[in-house]
$ cat my_file_8.cif   # mmCIF, C-alpha atoms
data_start
loop_
_atom_site.group_PDB
_atom_site.id
_atom_site.type_symbol
_atom_site.label_atom_id
_atom_site.label_comp_id
_atom_site.auth_asym_id
_atom_site.auth_seq_id
_atom_site.Cartn_x
_atom_site.Cartn_y
_atom_site.Cartn_z
ATOM 1 C CA MET D 249 -21.937 -16.074 11.267
ATOM 2 C CA SER D 250 -23.260 -16.515 14.784
ATOM 3 C CA THR D 251 -21.600 -13.300 15.915
ATOM 4 C CA GLU D 252 -23.277 -11.441 13.087
ATOM 5 C CA THR D 253 -26.646 -12.850 14.075
ATOM 6 C CA VAL D 254 -26.157 -11.603 17.604
ATOM 7 C CA VAL D 255 -25.054 -8.223 16.307
ATOM 8 C CA ARG D 256 -28.091 -7.971 14.092
ATOM 9 C CA GLN D 257 -30.288 -8.556 17.053
ATOM 10 C CA VAL D 258 -28.610 -6.028 19.303
ATOM 11 C CA MET D 259 -28.252 -3.120 16.869
ATOM 12 C CA SER D 260 -31.170 -1.523 15.077
ATOM 13 C CA ASP D 261 -30.745 0.224 11.717
ATOM 14 C CA ALA D 262 -31.032 3.588 13.456
ATOM 15 C CA GLU D 263 -28.328 2.628 15.926
ATOM 16 C CA ALA D 264 -26.129 1.387 13.088
ATOM 17 C CA MET D 265 -26.561 4.673 11.200
ATOM 18 C CA ALA D 266 -25.464 6.598 14.280
ATOM 19 C CA THR D 267 -22.087 4.850 14.616
ATOM 20 C CA PRO D 268 -18.960 6.882 13.753
ATOM 21 C CA PHE D 269 -18.002 4.321 11.122
ATOM 22 C CA ILE D 270 -21.292 4.456 9.203
ATOM 23 C CA LYS D 271 -21.423 8.234 9.469
ATOM 24 C CA SER D 272 -17.939 8.407 7.953
ATOM 25 C CA LEU D 273 -18.861 5.982 5.199
ATOM 26 C CA VAL D 274 -21.945 8.006 4.279
ATOM 27 C CA ALA D 275 -19.883 11.207 4.314
ATOM 28 C CA LEU D 276 -17.371 9.677 1.891
ATOM 29 C CA ILE D 277 -20.072 8.427 -0.467
ATOM 30 C CA ARG D 278 -21.742 11.845 -0.461
ATOM 31 C CA ALA D 279 -18.365 13.530 -1.053
ATOM 32 C CA ASP D 280 -18.091 11.541 -4.288
ATOM 33 C CA ASP D 281 -21.440 12.858 -5.455
ATOM 34 C CA THR D 282 -20.008 15.940 -7.146
ATOM 35 C CA TYR D 283 -23.143 16.668 -9.147
ATOM 36 C CA GLY D 284 -25.678 16.100 -6.384
ATOM 37 C CA VAL D 285 -27.284 13.169 -8.189
ATOM 38 C CA TRP D 286 -27.844 11.305 -4.928
ATOM 39 C CA GLU D 287 -29.006 14.303 -2.952
ATOM 40 C CA GLU D 288 -32.556 12.983 -2.756
ATOM 41 C CA LYS D 289 -31.380 9.543 -1.729
ATOM 42 C CA GLY D 290 -31.495 8.501 1.910
ATOM 43 C CA ASP D 291 -28.343 7.319 3.671
ATOM 44 C CA GLY D 292 -29.716 3.785 3.775
ATOM 45 C CA ASP D 293 -30.065 3.725 -0.025
ATOM 46 C CA LEU D 294 -26.476 4.878 -0.435
ATOM 47 C CA LEU D 295 -25.295 1.986 1.717
ATOM 48 C CA ALA D 296 -27.417 -0.624 -0.061
ATOM 49 C CA GLU D 297 -24.503 -1.697 -2.275
ATOM 50 C CA PHE D 298 -22.622 -2.829 0.842
ATOM 51 C CA ILE D 299 -25.390 -5.206 1.864
ATOM 52 C CA VAL D 300 -25.017 -8.654 0.322
ATOM 53 C CA THR D 301 -26.635 -11.551 2.132
ATOM 54 C CA ALA D 302 -24.813 -14.813 2.788
ATOM 55 C CA ASP D 303 -26.929 -16.538 0.154
ATOM 56 C CA GLU D 304 -26.154 -13.874 -2.439
ATOM 57 C CA ARG D 305 -22.464 -14.060 -1.579
ATOM 58 C CA ARG D 306 -22.373 -17.803 -2.099
ATOM 59 C CA GLU D 307 -23.690 -17.335 -5.638
ATOM 60 C CA ILE D 308 -20.888 -14.980 -6.650
ATOM 61 C CA PRO D 309 -18.100 -16.778 -8.508
ATOM 62 C CA ILE D 310 -14.644 -16.017 -7.143
ATOM 63 C CA ILE D 311 -12.801 -16.408 -10.427
ATOM 64 C CA GLY D 312 -11.287 -13.627 -12.481
ATOM 65 C CA ASP D 313 -10.463 -10.137 -11.313
ATOM 66 C CA PRO D 314 -13.050 -8.351 -9.189
ATOM 67 C CA ASP D 315 -15.079 -5.563 -10.702
ATOM 68 C CA PRO D 316 -13.520 -2.054 -10.408
ATOM 69 C CA ASP D 317 -16.744 -0.881 -8.701
ATOM 70 C CA LEU D 318 -16.297 -3.550 -6.089
ATOM 71 C CA ILE D 319 -12.646 -2.655 -5.473
ATOM 72 C CA ASP D 320 -13.760 0.932 -5.132
ATOM 73 C CA ARG D 321 -16.294 -0.145 -2.516
ATOM 74 C CA VAL D 322 -13.708 -2.056 -0.484
ATOM 75 C CA GLU D 323 -11.430 0.963 -0.678
ATOM 76 C CA LYS D 324 -14.249 3.216 0.518
ATOM 77 C CA TYR D 325 -14.892 0.878 3.442
ATOM 78 C CA TYR D 326 -11.292 1.253 4.657
ATOM 79 C CA ARG D 327 -11.212 4.976 3.935
ATOM 80 C CA ALA D 328 -14.285 5.236 6.170
ATOM 81 C CA VAL D 329 -12.401 3.387 8.902
ATOM 82 C CA GLY D 330 -9.576 5.905 8.506
ATOM 83 C CA LEU D 331 -11.955 8.852 8.607
ATOM 84 C CA ALA D 332 -13.728 7.532 11.708
ATOM 85 C CA VAL D 333 -10.371 7.068 13.455
ATOM 86 C CA GLU D 334 -9.378 10.588 12.423
ATOM 87 C CA ARG D 335 -12.601 12.068 13.775
ATOM 88 C CA GLU D 336 -12.191 10.247 17.080
ATOM 89 C CA THR D 337 -8.473 10.838 17.619
ATOM 90 C CA GLY D 338 -7.642 13.939 15.588
ATOM 91 C CA LEU D 339 -4.846 11.983 13.910
ATOM 92 C CA MET D 340 -4.841 11.426 10.175
ATOM 93 C CA ALA D 341 -5.270 7.757 9.317
ATOM 94 C CA SER D 342 -4.596 6.886 5.704
ATOM 95 C CA PRO D 343 -5.392 3.583 4.093
ATOM 96 C CA MET D 344 -3.333 1.985 1.388
ATOM 97 C CA MET D 345 -4.693 -0.924 -0.602
ATOM 98 C CA THR D 346 -3.232 -3.108 -3.290
ATOM 99 C CA MET D 347 -5.206 -5.597 -5.328
ATOM 100 C CA HIS D 348 -3.480 -8.419 -7.075
ATOM 101 C CA TYR D 349 -5.059 -10.901 -9.433
ATOM 102 C CA GLU D 350 -8.172 -12.870 -8.631
ATOM 103 C CA GLY D 351 -9.358 -10.892 -5.636
ATOM 104 C CA PHE D 352 -6.262 -11.189 -3.485
ATOM 105 C CA GLY D 353 -4.751 -8.089 -1.984
ATOM 106 C CA ARG D 354 -3.646 -6.271 1.103
ATOM 107 C CA VAL D 355 -4.824 -3.253 2.972
ATOM 108 C CA ILE D 356 -3.024 -1.311 5.672
ATOM 109 C CA LEU D 357 -3.905 1.798 7.609
ATOM 110 C CA THR D 358 -1.193 3.996 9.035
ATOM 111 C CA THR D 359 -1.133 6.937 11.431
ATOM 112 C CA GLY D 360 2.181 8.725 11.646
ATOM 113 C CA LYS D 361 4.735 5.925 11.655
ATOM 114 C CA LEU D 362 2.341 3.387 13.144
ATOM 115 C CA VAL D 363 0.563 0.607 11.283
ATOM 116 C CA ILE D 364 -2.820 0.670 12.987
ATOM 117 C CA PHE D 365 -4.411 -2.038 10.849
ATOM 118 C CA SER D 366 -3.156 -4.598 8.362
ATOM 119 C CA LYS D 367 -5.070 -7.312 6.595
ATOM 120 C CA SER D 368 -4.695 -9.686 3.692
ATOM 121 C CA LEU D 369 -7.689 -9.499 1.435
ATOM 122 C CA ARG D 370 -9.136 -12.472 -0.353
ATOM 123 C CA ASP D 371 -12.358 -13.370 -2.083
ATOM 124 C CA VAL D 372 -12.893 -9.661 -2.558
ATOM 125 C CA HIS D 373 -15.540 -10.696 -5.101
ATOM 126 C CA ARG D 374 -17.785 -11.584 -2.188
ATOM 127 C CA PHE D 375 -17.228 -8.402 -0.207
ATOM 128 C CA GLY D 376 -20.442 -7.383 1.503
ATOM 129 C CA PHE D 377 -22.366 -7.585 4.757
ATOM 130 C CA ASP D 378 -25.544 -9.334 5.809
ATOM 131 C CA SER D 379 -27.197 -6.210 7.125
ATOM 132 C CA LEU D 380 -26.613 -2.605 8.016
ATOM 133 C CA ALA D 381 -25.987 -3.702 11.599
ATOM 134 C CA ALA D 382 -23.360 -6.208 10.435
ATOM 135 C CA LEU D 383 -21.666 -3.518 8.304
ATOM 136 C CA ALA D 384 -21.656 -1.121 11.267
ATOM 137 C CA ALA D 385 -20.385 -3.788 13.646
ATOM 138 C CA GLU D 386 -17.600 -5.049 11.376
ATOM 139 C CA GLY D 387 -16.437 -1.557 10.409
ATOM 140 C CA GLY D 388 -16.673 -0.526 14.046
ATOM 141 C CA LYS D 389 -14.468 -3.448 15.062
ATOM 142 C CA VAL D 390 -11.742 -2.312 12.665
ATOM 143 C CA VAL D 391 -12.032 1.261 13.982
ATOM 144 C CA ALA D 392 -11.750 0.002 17.583
ATOM 145 C CA LYS D 393 -8.750 -2.179 16.741
ATOM 146 C CA ALA D 394 -7.000 0.725 15.001
ATOM 147 C CA MET D 395 -7.687 3.087 17.891
ATOM 148 C CA LYS D 396 -6.325 0.566 20.344
ATOM 149 C CA GLU D 397 -3.034 0.503 18.441
ATOM 150 C CA ILE D 398 -2.827 4.281 18.680
ATOM 151 C CA GLU D 399 -3.428 4.043 22.415
ATOM 152 C CA THR D 400 -0.691 1.434 22.753
ATOM 153 C CA TYR D 401 1.914 3.395 20.784
ATOM 154 C CA PRO D 402 0.837 7.042 21.012
ATOM 155 C CA GLU D 403 4.274 8.491 20.296
ATOM 156 C CA VAL D 404 4.712 6.433 17.119
ATOM 157 C CA ALA D 405 1.246 7.421 15.901
ATOM 158 C CA ARG D 406 2.285 11.042 16.336
ATOM 159 C CA ALA D 407 5.754 10.598 14.785
ATOM 160 C CA MET M 205 22.419 16.411 -8.565
ATOM 161 C CA SER M 206 25.586 17.683 -6.913
ATOM 162 C CA THR M 207 25.316 14.986 -4.247
ATOM 163 C CA GLU M 208 25.174 12.341 -6.943
ATOM 164 C CA THR M 209 28.292 13.719 -8.577
ATOM 165 C CA VAL M 210 30.164 13.470 -5.313
ATOM 166 C CA VAL M 211 28.870 9.962 -4.762
ATOM 167 C CA ARG M 212 30.006 8.915 -8.205
ATOM 168 C CA GLN M 213 33.471 10.061 -7.412
ATOM 169 C CA VAL M 214 33.731 8.330 -4.057
ATOM 170 C CA MET M 215 32.293 4.899 -4.913
ATOM 171 C CA SER M 216 33.710 2.625 -7.590
ATOM 172 C CA ASP M 217 31.534 0.127 -9.429
ATOM 173 C CA ALA M 218 33.101 -2.698 -7.438
ATOM 174 C CA GLU M 219 32.332 -0.914 -4.177
ATOM 175 C CA ALA M 220 28.771 -0.262 -5.331
ATOM 176 C CA MET M 221 28.270 -3.936 -6.205
ATOM 177 C CA ALA M 222 29.416 -4.928 -2.718
ATOM 178 C CA THR M 223 26.771 -2.860 -0.880
ATOM 179 C CA PRO M 224 23.954 -4.782 0.853
ATOM 180 C CA PHE M 225 21.384 -2.893 -1.222
ATOM 181 C CA ILE M 226 22.871 -3.792 -4.623
ATOM 182 C CA LYS M 227 23.464 -7.383 -3.535
ATOM 183 C CA SER M 228 19.801 -7.632 -2.566
ATOM 184 C CA LEU M 229 18.674 -6.076 -5.828
ATOM 185 C CA VAL M 230 20.753 -8.513 -7.854
ATOM 186 C CA ALA M 231 19.408 -11.413 -5.779
ATOM 187 C CA LEU M 232 15.815 -10.337 -6.509
ATOM 188 C CA ILE M 233 16.450 -9.971 -10.236
ATOM 189 C CA ARG M 234 18.073 -13.393 -10.360
ATOM 190 C CA ALA M 235 15.189 -14.880 -8.384
ATOM 191 C CA ASP M 236 12.851 -13.769 -11.176
ATOM 192 C CA ASP M 237 14.936 -15.603 -13.722
ATOM 193 C CA THR M 238 13.059 -18.889 -13.375
ATOM 194 C CA TYR M 239 14.425 -20.391 -16.576
ATOM 195 C CA GLY M 240 18.025 -19.329 -16.140
ATOM 196 C CA VAL M 241 17.984 -17.119 -19.238
ATOM 197 C CA TRP M 242 20.234 -14.528 -17.575
ATOM 198 C CA GLU M 243 22.605 -17.025 -15.999
ATOM 199 C CA GLU M 244 25.427 -16.001 -18.306
ATOM 200 C CA LYS M 245 24.816 -12.315 -17.692
ATOM 201 C CA GLY M 246 26.988 -10.405 -15.240
ATOM 202 C CA ASP M 247 25.426 -8.546 -12.323
ATOM 203 C CA GLY M 248 26.265 -5.227 -13.965
ATOM 204 C CA ASP M 249 24.270 -6.171 -17.062
ATOM 205 C CA LEU M 250 21.258 -7.078 -14.941
ATOM 206 C CA LEU M 251 21.360 -3.644 -13.335
ATOM 207 C CA ALA M 252 21.754 -1.761 -16.607
ATOM 208 C CA GLU M 253 18.007 -1.027 -16.809
ATOM 209 C CA PHE M 254 18.285 1.007 -13.589
ATOM 210 C CA ILE M 255 20.897 3.329 -15.088
ATOM 211 C CA VAL M 256 19.377 6.292 -16.890
ATOM 212 C CA THR M 257 21.506 9.398 -17.236
ATOM 213 C CA ALA M 258 20.154 12.859 -16.457
ATOM 214 C CA ASP M 259 20.112 13.678 -20.182
ATOM 215 C CA GLU M 260 18.178 10.520 -21.009
ATOM 216 C CA ARG M 261 15.723 11.238 -18.182
ATOM 217 C CA ARG M 262 15.017 14.717 -19.471
ATOM 218 C CA GLU M 263 14.015 13.257 -22.837
ATOM 219 C CA ILE M 264 11.376 10.970 -21.330
ATOM 220 C CA PRO M 265 7.873 12.491 -21.532
ATOM 221 C CA ILE M 266 6.003 12.390 -18.233
ATOM 222 C CA ILE M 267 2.546 12.081 -19.712
ATOM 223 C CA GLY M 268 0.355 9.000 -19.661
ATOM 224 C CA ASP M 269 0.716 5.996 -17.414
ATOM 225 C CA PRO M 270 4.191 4.606 -16.902
ATOM 226 C CA ASP M 271 5.149 1.350 -18.567
ATOM 227 C CA PRO M 272 4.389 -1.816 -16.516
ATOM 228 C CA ASP M 273 8.073 -2.795 -16.845
ATOM 229 C CA LEU M 274 9.041 0.490 -15.269
ATOM 230 C CA ILE M 275 6.581 0.080 -12.391
ATOM 231 C CA ASP M 276 7.986 -3.378 -11.896
ATOM 232 C CA ARG M 277 11.479 -1.895 -11.700
ATOM 233 C CA VAL M 278 10.466 0.670 -9.083
ATOM 234 C CA GLU M 279 8.804 -2.100 -7.093
ATOM 235 C CA LYS M 280 11.945 -4.199 -7.313
ATOM 236 C CA TYR M 281 14.005 -1.268 -6.057
ATOM 237 C CA TYR M 282 11.903 -1.024 -2.890
ATOM 238 C CA ARG M 283 11.737 -4.782 -2.458
ATOM 239 C CA ALA M 284 15.545 -4.730 -2.528
ATOM 240 C CA VAL M 285 15.524 -2.086 0.205
ATOM 241 C CA GLY M 286 13.243 -4.383 2.234
ATOM 242 C CA LEU M 287 15.457 -7.395 1.621
ATOM 243 C CA ALA M 288 18.613 -5.489 2.593
ATOM 244 C CA VAL M 289 16.932 -4.316 5.816
ATOM 245 C CA GLU M 290 15.845 -7.890 6.503
ATOM 246 C CA ARG M 291 19.337 -9.249 5.968
ATOM 247 C CA GLU M 292 20.840 -6.629 8.280
ATOM 248 C CA THR M 293 18.240 -6.753 11.068
ATOM 249 C CA GLY M 294 16.632 -10.176 10.788
ATOM 250 C CA LEU M 295 13.234 -8.477 10.696
ATOM 251 C CA MET M 296 10.941 -8.886 7.721
ATOM 252 C CA ALA M 297 10.456 -5.602 5.897
ATOM 253 C CA SER M 298 7.695 -5.628 3.321
ATOM 254 C CA PRO M 299 7.075 -2.881 0.795
ATOM 255 C CA MET M 300 3.663 -1.857 -0.437
ATOM 256 C CA MET M 301 3.311 0.311 -3.502
ATOM 257 C CA THR M 302 0.348 1.873 -5.225
ATOM 258 C CA MET M 303 0.486 3.587 -8.588
ATOM 259 C CA HIS M 304 -2.173 6.044 -9.580
ATOM 260 C CA TYR M 305 -2.526 7.690 -12.946
ATOM 261 C CA GLU M 306 0.265 9.527 -14.699
ATOM 262 C CA GLY M 307 3.153 8.274 -12.636
ATOM 263 C CA PHE M 308 1.968 9.364 -9.214
ATOM 264 C CA GLY M 309 1.910 6.885 -6.387
ATOM 265 C CA ARG M 310 3.037 6.002 -2.928
ATOM 266 C CA VAL M 311 5.361 3.457 -1.436
ATOM 267 C CA ILE M 312 5.713 2.411 2.167
ATOM 268 C CA LEU M 313 7.835 -0.163 3.900
ATOM 269 C CA THR M 314 6.724 -1.711 7.172
ATOM 270 C CA THR M 315 8.359 -3.929 9.766
ATOM 271 C CA GLY M 316 5.999 -5.311 12.364
ATOM 272 C CA LYS M 317 3.732 -2.396 13.183
ATOM 273 C CA LEU M 318 6.307 0.219 12.246
ATOM 274 C CA VAL M 319 6.370 2.282 9.069
ATOM 275 C CA ILE M 320 10.099 2.359 8.350
ATOM 276 C CA PHE M 321 9.836 4.297 5.098
ATOM 277 C CA SER M 322 7.134 6.245 3.317
ATOM 278 C CA LYS M 323 7.374 8.254 0.138
ATOM 279 C CA SER M 324 5.119 9.854 -2.428
ATOM 280 C CA LEU M 325 6.170 8.847 -5.899
ATOM 281 C CA ARG M 326 5.991 11.134 -8.866
ATOM 282 C CA ASP M 327 7.461 11.299 -12.332
ATOM 283 C CA VAL M 328 7.920 7.564 -12.094
ATOM 284 C CA HIS M 329 8.421 7.683 -15.867
ATOM 285 C CA ARG M 330 11.871 9.086 -15.223
ATOM 286 C CA PHE M 331 12.889 6.574 -12.570
ATOM 287 C CA GLY M 332 16.557 5.759 -12.928
ATOM 288 C CA PHE M 333 20.013 6.601 -11.674
ATOM 289 C CA ASP M 334 23.027 8.278 -13.220
ATOM 290 C CA SER M 335 25.389 5.469 -12.413
ATOM 291 C CA LEU M 336 25.780 2.254 -10.478
ATOM 292 C CA ALA M 337 27.321 4.293 -7.660
ATOM 293 C CA ALA M 338 24.305 6.621 -7.586
ATOM 294 C CA LEU M 339 21.933 3.636 -7.527
ATOM 295 C CA ALA M 340 23.898 2.069 -4.669
ATOM 296 C CA ALA M 341 24.086 5.350 -2.760
ATOM 297 C CA GLU M 342 20.386 6.231 -3.132
ATOM 298 C CA GLY M 343 19.193 2.719 -2.295
ATOM 299 C CA GLY M 344 21.651 2.614 0.582
ATOM 300 C CA LYS M 345 20.258 5.877 1.944
ATOM 301 C CA VAL M 346 16.754 4.400 2.042
ATOM 302 C CA VAL M 347 18.080 1.269 3.760
ATOM 303 C CA ALA M 348 19.903 3.410 6.346
ATOM 304 C CA LYS M 349 16.816 5.556 6.963
ATOM 305 C CA ALA M 350 14.633 2.460 7.414
ATOM 306 C CA MET M 351 17.112 0.857 9.782
ATOM 307 C CA LYS M 352 17.290 4.019 11.839
ATOM 308 C CA GLU M 353 13.507 3.871 12.337
ATOM 309 C CA ILE M 354 13.819 0.309 13.590
ATOM 310 C CA GLU M 355 16.523 1.439 16.010
ATOM 311 C CA THR M 356 14.310 4.277 17.251
ATOM 312 C CA TYR M 357 11.224 2.105 17.807
ATOM 313 C CA PRO M 358 12.535 -1.437 18.254
ATOM 314 C CA GLU M 359 9.488 -2.718 20.137
ATOM 315 C CA VAL M 360 7.068 -1.493 17.453
ATOM 316 C CA ALA M 361 9.190 -3.060 14.712
ATOM 317 C CA ARG M 362 8.932 -6.357 16.578
ATOM 318 C CA ALA M 363 5.200 -6.011 17.358
#

$ encode --input "my_file_8.cif" --output "structure tokens"
Amino acid sequence: MSTETVVRQVMSDAEAMATPFIKSLVALIRADDTYGVWEEKGDGDLLAEFIVTADERREIPIIGDPDPDLIDRVEKYYRAVGLAVERETGLMASPMMTMHYEGFGRVILTTGKLVIFSKSLRDVHRFGFDSLAALAAEGGKVVAKAMKEIETYPEVARA
Amino acid sequence: MSTETVVRQVMSDAEAMATPFIKSLVALIRADDTYGVWEEKGDGDLLAEFIVTADERREIPIIGDPDPDLIDRVEKYYRAVGLAVERETGLMASPMMTMHYEGFGRVILTTGKLVIFSKSLRDVHRFGFDSLAALAAEGGKVVAKAMKEIETYPEVARA
């Protein structure tokens, strides 16, 4: 929590919107808008569904299977990480996500034969970020981590 | 198809049953048998659901979503590959599988930070093998391929 507070203070909304991760996320959301329904909407509005404050999160029950919309959102988050990595490195980074019962699951991102990110998911019901800055910072961290793996094992990422 | 014919001729059922892949598959099936219902059943009987002849396969329509039992079987097949790799190398090999609509999907196996196997799945409806020997040979091929990746990038597999 304290890290997020710091982040919120150091990154403005405009700065957050300019990060490669957020730009990729917006691009993916707009790509889904086949009929141009959201054309008039600003990027901030499109990202609103990712913003869930700590208080709101606490209220969400973590029983039962998460909503398909929510799973879709988590998937989009990791696809945006992949797209940002791809734009920065020129290497395709594809996410793969499985959801089991009750909000548990796993996500991995691979580039070539390299696993550039792997995480167990839980409490997916409560997926969301305090602010745009927190979303940008957290997504950016995953992008940075993934890119570092590519740097460490460049030949495997290209295999 | 011609490869499978050759395989069938060169491997007896007893030889097939003795392969690390088939042994792992049987172990996984038995592990699911919490109540000992299949205790009296021979290993061959347990594997019968994996044997689908070419003629039988052709009869299966490939429309709609595949049966959950079938998806479970495909998953078990790749978990057996992972288990066989683990038994041979001492390294944990975990499969991850996603199924989309209409029998399309993807499976990958990872060890450490290495992708040791990756495949697009399609026509999952028709998943099955001509004979025990074909099942052993095909599964064995995947095991061999995965182990070769570990040999090529040992430090990534241990990362």

$ closest_atom_pairs --input "my_file_8.cif" --of "stretch 256-361 of chain D" --to "stretch 368-377 of chain D" --cutoff "8 Å" --atoms "all atoms listed in the file" --output "tab-separated table"
residue	atom	partner	partner_atom	distance
D:Glu297	CA	D:Gly376	CA	7.9
D:Phe298	CA	D:Gly376	CA	5.1
D:Ile299	CA	D:Phe377	CA	4.8
D:Val300	CA	D:Gly376	CA	4.9
D:Thr301	CA	D:Phe377	CA	6.4
D:Ala302	CA	D:Phe377	CA	7.9
D:Arg305	CA	D:Arg374	CA	5.3
D:Arg306	CA	D:Arg374	CA	7.7
D:Ile308	CA	D:Arg374	CA	6.4
D:Pro309	CA	D:His373	CA	7.4
D:Ile310	CA	D:His373	CA	5.8
D:Pro314	CA	D:His373	CA	5.3
D:Asp315	CA	D:His373	CA	7.6
D:Leu318	CA	D:His373	CA	7.3
D:Ile319	CA	D:Val372	CA	7.6
D:Val322	CA	D:Phe375	CA	7.3
D:Glu350	CA	D:Asp371	CA	7.8
D:Gly351	CA	D:Val372	CA	4.8
D:Phe352	CA	D:Arg370	CA	4.4
D:Gly353	CA	D:Leu369	CA	4.7
D:Arg354	CA	D:Ser368	CA	4.4
D:Val355	CA	D:Ser368	CA	6.5

$ interface_residues --input "my_file_8.cif" --of "chain M" --to "chain D" --cutoff "12 Å" --atoms "only C-alpha atoms" --output "MDAnalysis selection string"
chainID M and resid 298:304 309:322 350 353:354 356:361 363

$ resolve_selection --input "my_file_8.cif" --expression "the PyMOL selection byres ((chain M and resi 217) around 10)" --output "list in words"
Arg212, Met215, Ser216, Ala218, Glu219, Ala220, Met221, Ala222, Gly248, Ser335, Leu336, Ala337, Ala338 and Ala340 of chain M

$ write_last_selection --input "my_file_8.cif" --atoms "C-alpha atoms" --output "compact mmCIF listing (two decimals), in the frame of the given file"
# COMPACT_ATOMS: atom_id res chain seq x y z
CA ARG M 212 30.01 8.91 -8.20
CA MET M 215 32.29 4.90 -4.91
CA SER M 216 33.71 2.62 -7.59
CA ALA M 218 33.10 -2.70 -7.44
CA GLU M 219 32.33 -0.91 -4.18
CA ALA M 220 28.77 -0.26 -5.33
CA MET M 221 28.27 -3.94 -6.20
CA ALA M 222 29.42 -4.93 -2.72
CA GLY M 248 26.26 -5.23 -13.96
CA SER M 335 25.39 5.47 -12.41
CA LEU M 336 25.78 2.25 -10.48
CA ALA M 337 27.32 4.29 -7.66
CA ALA M 338 24.30 6.62 -7.59
CA ALA M 340 23.90 2.07 -4.67

$ atom_distance --input "my_file_8.cif" --atom1 "atom CA of M:Ala284" --atom2 "atom CA of M:Asp259"
25.9 Å

$ atom_distance --input "my_file_8.cif" --atom1 "atom CA of D:Leu294" --atom2 "atom CA of D:Gly388"
18.3 Å

$ resolve_selection --input "my_file_8.cif" --expression "the PyMOL selection byres ((chain M and resi 289) around 10)" --output "PyMOL selection string"
chain M and resi 224-225+228+283-288+290-298+315+320+344+346-351+354

$ atom_distance --input "my_file_8.cif" --atom1 "atom CA of M:Tyr282" --atom2 "atom CA of M:Thr223"
15.1 Å

$ residues_around --input "my_file_8.cif" --residues "M:Lys280" --least-positions-apart "4" --cutoff "8 Å" --atoms "all atoms listed in the file" --output "short mmCIF file (atom, residue, chain, number, x, y, z; two decimals) with C-alpha atoms, keeping the file's coordinate frame"
data_model
loop_
_atom_site.label_atom_id
_atom_site.label_comp_id
_atom_site.auth_asym_id
_atom_site.auth_seq_id
_atom_site.Cartn_x
_atom_site.Cartn_y
_atom_site.Cartn_z
CA LEU M 229 18.67 -6.08 -5.83
CA LEU M 232 15.82 -10.34 -6.51
CA ILE M 233 16.45 -9.97 -10.24
CA ASP M 276 7.99 -3.38 -11.90
CA ALA M 284 15.54 -4.73 -2.53
#

$ build_atoms --input "my_file_8.cif" --residues "stretch 333-342 of chain M" --atoms "N, CA, C and O atoms" --output "compact mmCIF listing (two decimals), keeping the file's coordinate frame"
# COMPACT_ATOMS: atom_id res chain seq x y z
N PHE M 333 18.88 6.03 -12.39
CA PHE M 333 20.01 6.60 -11.67
C PHE M 333 21.17 6.84 -12.64
O PHE M 333 21.36 6.07 -13.58
N ASP M 334 21.93 7.87 -12.35
CA ASP M 334 23.03 8.28 -13.22
C ASP M 334 24.08 7.21 -13.43
O ASP M 334 24.70 7.14 -14.49
N SER M 335 24.30 6.44 -12.38
CA SER M 335 25.39 5.47 -12.41
C SER M 335 25.11 4.38 -11.39
O SER M 335 24.20 4.52 -10.56
N LEU M 336 25.87 3.34 -11.45
CA LEU M 336 25.78 2.25 -10.48
C LEU M 336 26.02 2.80 -9.07
O LEU M 336 25.33 2.43 -8.11
N ALA M 337 27.00 3.71 -8.97
CA ALA M 337 27.32 4.29 -7.66
C ALA M 337 26.14 5.09 -7.13
O ALA M 337 25.83 5.03 -5.93
N ALA M 338 25.47 5.82 -8.01
CA ALA M 338 24.30 6.62 -7.59
C ALA M 338 23.17 5.70 -7.14
O ALA M 338 22.50 5.96 -6.14
N LEU M 339 22.96 4.62 -7.89
CA LEU M 339 21.93 3.64 -7.53
C LEU M 339 22.23 3.05 -6.15
O LEU M 339 21.36 2.99 -5.27
N ALA M 340 23.49 2.66 -5.95
CA ALA M 340 23.90 2.07 -4.67
C ALA M 340 23.75 3.07 -3.53
O ALA M 340 23.28 2.74 -2.44
N ALA M 341 24.13 4.32 -3.81
CA ALA M 341 24.09 5.35 -2.76
C ALA M 341 22.65 5.69 -2.39
O ALA M 341 22.30 5.77 -1.20
N GLU M 342 21.79 5.87 -3.40
CA GLU M 342 20.39 6.23 -3.13
C GLU M 342 19.66 5.09 -2.43
O GLU M 342 18.96 5.31 -1.44
